[in-house]
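Single-structure report; data block below.
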Amino acid sequence: MLHGQKHPADLGYAEITAQLQELASTYDCQLISIGKSVLGLDLWTIRLGTGSRSVYLTGAHHACEWLTATLLVRFCRAYLAANRSDAELSGVRISDLFHRTAVWVTPIVNPDGVSLARDNLRAIPAHLQADLIKWNGGRTDFSTWKANIRGVDLNRQYRAEWHQAYRRGPKAPAPKYYAGRFPESEPESRAVAKFIRTLEPALLVCYHSQGEVIYWDYRREAPAKARRIARELSRLSGYALVAANPQSAGSGGLKDWFIHEFRRPGFTIEVGRGINPLPPAAFDSIWRQNLPLLARLPAFVLT
Ligand SMILES: [Zn+2]
């Protein structure tokens with residue numbers, strides 16, 4: 001690759017937004033904003049399919065895991081194109097699923113954080129910069145930042161033993177693990193939770209990095225079919241199954257709240273292997289591992 005040339009998988013909020021808008025003007029799909037970030041950026045969400053049984057996919061809850069947004073947008077494009085041309089995607093005829101299911105996708109839950117992790121303070125309002133540097137331990141390199149722009153870890157914000165998540169984490173804004181002052185205190189997590197309460201999806205997948213593992217349970221509250229689906233997702237991706245994340249028991253995590261609240265299948269998929277942020281060069285193998293899984297997700301809500 002030539003010096004200074006960006007890797008095609010290296011997409012930030014502006015590029016992801018442009019791609020979603022292009023998809024919305026090219027294909028049969030719907031693009032909505034489910035809310036705004038702290039800094040006023042739209043939380044773009046796209047619907048693929050016209051059916052009533054729904055799947056909901058989220059990416060980039062954590063700032064330094066922005067490669068998950070590229071994965072989801074690439075999937076949206078492939079799914080819509082396969083539907084239009086009546087073609088198979090990874091062996092699945094998408095037009096058979098398109099009118100029976102709806103796949104909703106929020107590629108970037110944490111756009112302010114993604115901007116901070118990708119570009120440091122360049123696009124961050126001046127009045128916020130001193131606090132951010134303080135919360136980051138005096139460093140001006142934010143590349144490993146996970147939280148939102150207020151230093152709240154958005155995947156510790158949901159109503160799944162939130163108090164435990166708060167007790168175990170920092171008690172003030174930080175690059176990661178601060179659960180905030182109360183559940184859903186942040187506009188990003190509040191918007192996602194509200195959207196889920198309205199949509200009531202039959203299945204949820206939260207994309208994170210890294211580890212090449214799939215978490216599928218929470219306090220043994222996942223329904224019986226979640227284990228069966230998890231085994232299939234593991235087979236399709238080659239990722240290992242873990243019942244629950246021991247690091248974040250009672251984590252305030254989205255998939256934990258979803259399982260607890262709806263007793264429906266919810267999964268956290270950790271893509272890639274290495275240190276966050278994963279290099280864009282990791283994208284091709286992540287795509288190969290996840291496309292067979294993603295193409296089959298809607299079929300799981302029909303059985
Ligand atoms: Zn994460």
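If you're wondering about the labels, chains in the structure tokens are A, B, ... by order shown, residues count from 1 in each chain, ligands from 1 in order shown.
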What are the nearest atom pairs, with distances in Å to one decimal, for all residues of chain A that come at most 6 Å from ligand 1, using only C-alpha atoms and all ligand atoms, set out by chain and rising residue number as a tab-separated table?
```
residue	atom	partner	partner_atom_place_in_ligand_line	distance
A:His62	CA	ligand 1	1 (Zn)	4.8
A:His208	CA	ligand 1	1 (Zn)	4.3
A:Ser209	CA	ligand 1	1 (Zn)	5.6
```
Please return as a PyMOL selection string: the residues of region 77-139 of chain A that backbone DSSP assigns to helix (DSSP H, G or I).
chain A and resi 77-84+95-98+111-119+126-135
Give me the residues near region 11-27 of chain A as a PDB file with N, CA and C atoms, in the first residue's frame, where near means some atom within 7 Å (using only C-alpha atoms) and where sequence neighbours in that chain fewer than 2 positions away do not count.
```
ATOM      1  N   ALA A   9     -10.837  -0.571   4.387  1.00  0.00           N
ATOM      2  CA  ALA A   9     -11.664  -0.923   5.551  1.00  0.00           C
ATOM      3  C   ALA A   9     -11.559   0.109   6.668  1.00  0.00           C
ATOM      4  N   CYS A  29     -34.284   0.045   1.049  1.00  0.00           N
ATOM      5  CA  CYS A  29     -34.020  -0.048   2.490  1.00  0.00           C
ATOM      6  C   CYS A  29     -34.402   1.282   3.130  1.00  0.00           C
ATOM      7  N   GLN A  30     -34.352   1.327   4.461  1.00  0.00           N
ATOM      8  CA  GLN A  30     -34.764   2.543   5.170  1.00  0.00           C
ATOM      9  C   GLN A  30     -33.647   2.967   6.104  1.00  0.00           C
ATOM     10  N   LEU A  31     -33.277   4.256   6.063  1.00  0.00           N
ATOM     11  CA  LEU A  31     -32.247   4.787   6.953  1.00  0.00           C
ATOM     12  C   LEU A  31     -32.879   5.778   7.912  1.00  0.00           C
ATOM     13  N   THR A  70     -17.209  -1.003   9.963  1.00  0.00           N
ATOM     14  CA  THR A  70     -16.920  -1.354   8.576  1.00  0.00           C
ATOM     15  C   THR A  70     -17.503  -2.721   8.238  1.00  0.00           C
ATOM     16  N   ARG A  77     -24.302  -3.701   2.485  1.00  0.00           N
ATOM     17  CA  ARG A  77     -24.166  -3.552   1.034  1.00  0.00           C
ATOM     18  C   ARG A  77     -24.300  -4.911   0.334  1.00  0.00           C
ATOM     19  N   LEU A  80     -28.008  -6.196   0.559  1.00  0.00           N
ATOM     20  CA  LEU A  80     -28.924  -5.477  -0.330  1.00  0.00           C
ATOM     21  C   LEU A  80     -28.658  -5.822  -1.793  1.00  0.00           C
ATOM     22  N   PRO A 111     -20.331   7.341  18.091  1.00  0.00           N
ATOM     23  CA  PRO A 111     -19.608   8.100  17.063  1.00  0.00           C
ATOM     24  C   PRO A 111     -18.590   9.102  17.627  1.00  0.00           C
TER      25      PRO A 111
END
```
List every residue of region 53-288 of chain A that DSSP, applied to the backbone of this structure, places in strand (DSSP E or B), and write the result as an NGL selection string.
:A and (53-58 or 88-89 or 92-93 or 101-106 or 203-209 or 213-215 or 240-242 or 266-271)
Pick out the closest residue to Phe75 (chain A) from this set: A:Ala281, A:Leu293, A:Val152, A:Val301. Count only C-alpha atoms.
A:Leu293
Considering only C-alpha atoms, return as a PyMOL selection string whatever protein or nucleic-acid residues lie within 12 Å of Phe258 (chain A), sequence-local ones (same chain, fewer than 5 positions apart) excluded.
chain A and resi 56+158-160+192-197+200-206+216-218+221-223+252-253+263-268
Counting only C-alpha atoms, figure out which residue out of A:Ala282, A:Leu233, A:Ile46, A:Ile269 gets nearest to Pro8 (chain A).
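Once distances to Pro8 (chain A) are computed over only C-alpha atoms, the minimum belongs to A:Ala282.
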Using only C-alpha atoms, determine which residues lie at most 10 Å from Arg296 (chain A), disregarding the query and same-chain residues fewer than 2 positions distant; provide the list as a PyMOL selection string.
chain A and resi 89-94+97+232-233+236+291-294+298-301
What does the structure give for the distance between CA of Asn155 (chain A) and CA of Leu67 (chain A), in Å to one decimal?
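A separation of 16.8 Å between them.
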Check the smallest atom-to-atom distance from each of A:Gln157, A:Asn120, A:Ser189, A:Asn290 to Asn136 (chain A) using only C-alpha atoms, then report the winner.
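Closest to Asn136 (chain A) of all the choices is A:Asn120.
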Excluding Trp162 (chain A) and its own-chain neighbours fewer than 5 positions away, which residues fall within 9 Å of it when counting only C-alpha atoms? Please give them as a ChimeraX atom specification.
/A:156-157,167,179,182-183,250-253
Length of the CA of Ala81 (chain A) to CA of Gly51 (chain A) vector [Å]
17.5 Å
Find the residue from A:Leu302, A:Ala60, A:Ala87, A:Ile133 that sits nearest to Val105 (chain A); use only C-alpha atoms when measuring.
A:Ala60
Between CA of Lys171 (chain A) and CA of Thr68 (chain A), what is the distance, to one decimal in Å?
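So the answer is 28.1 Å.
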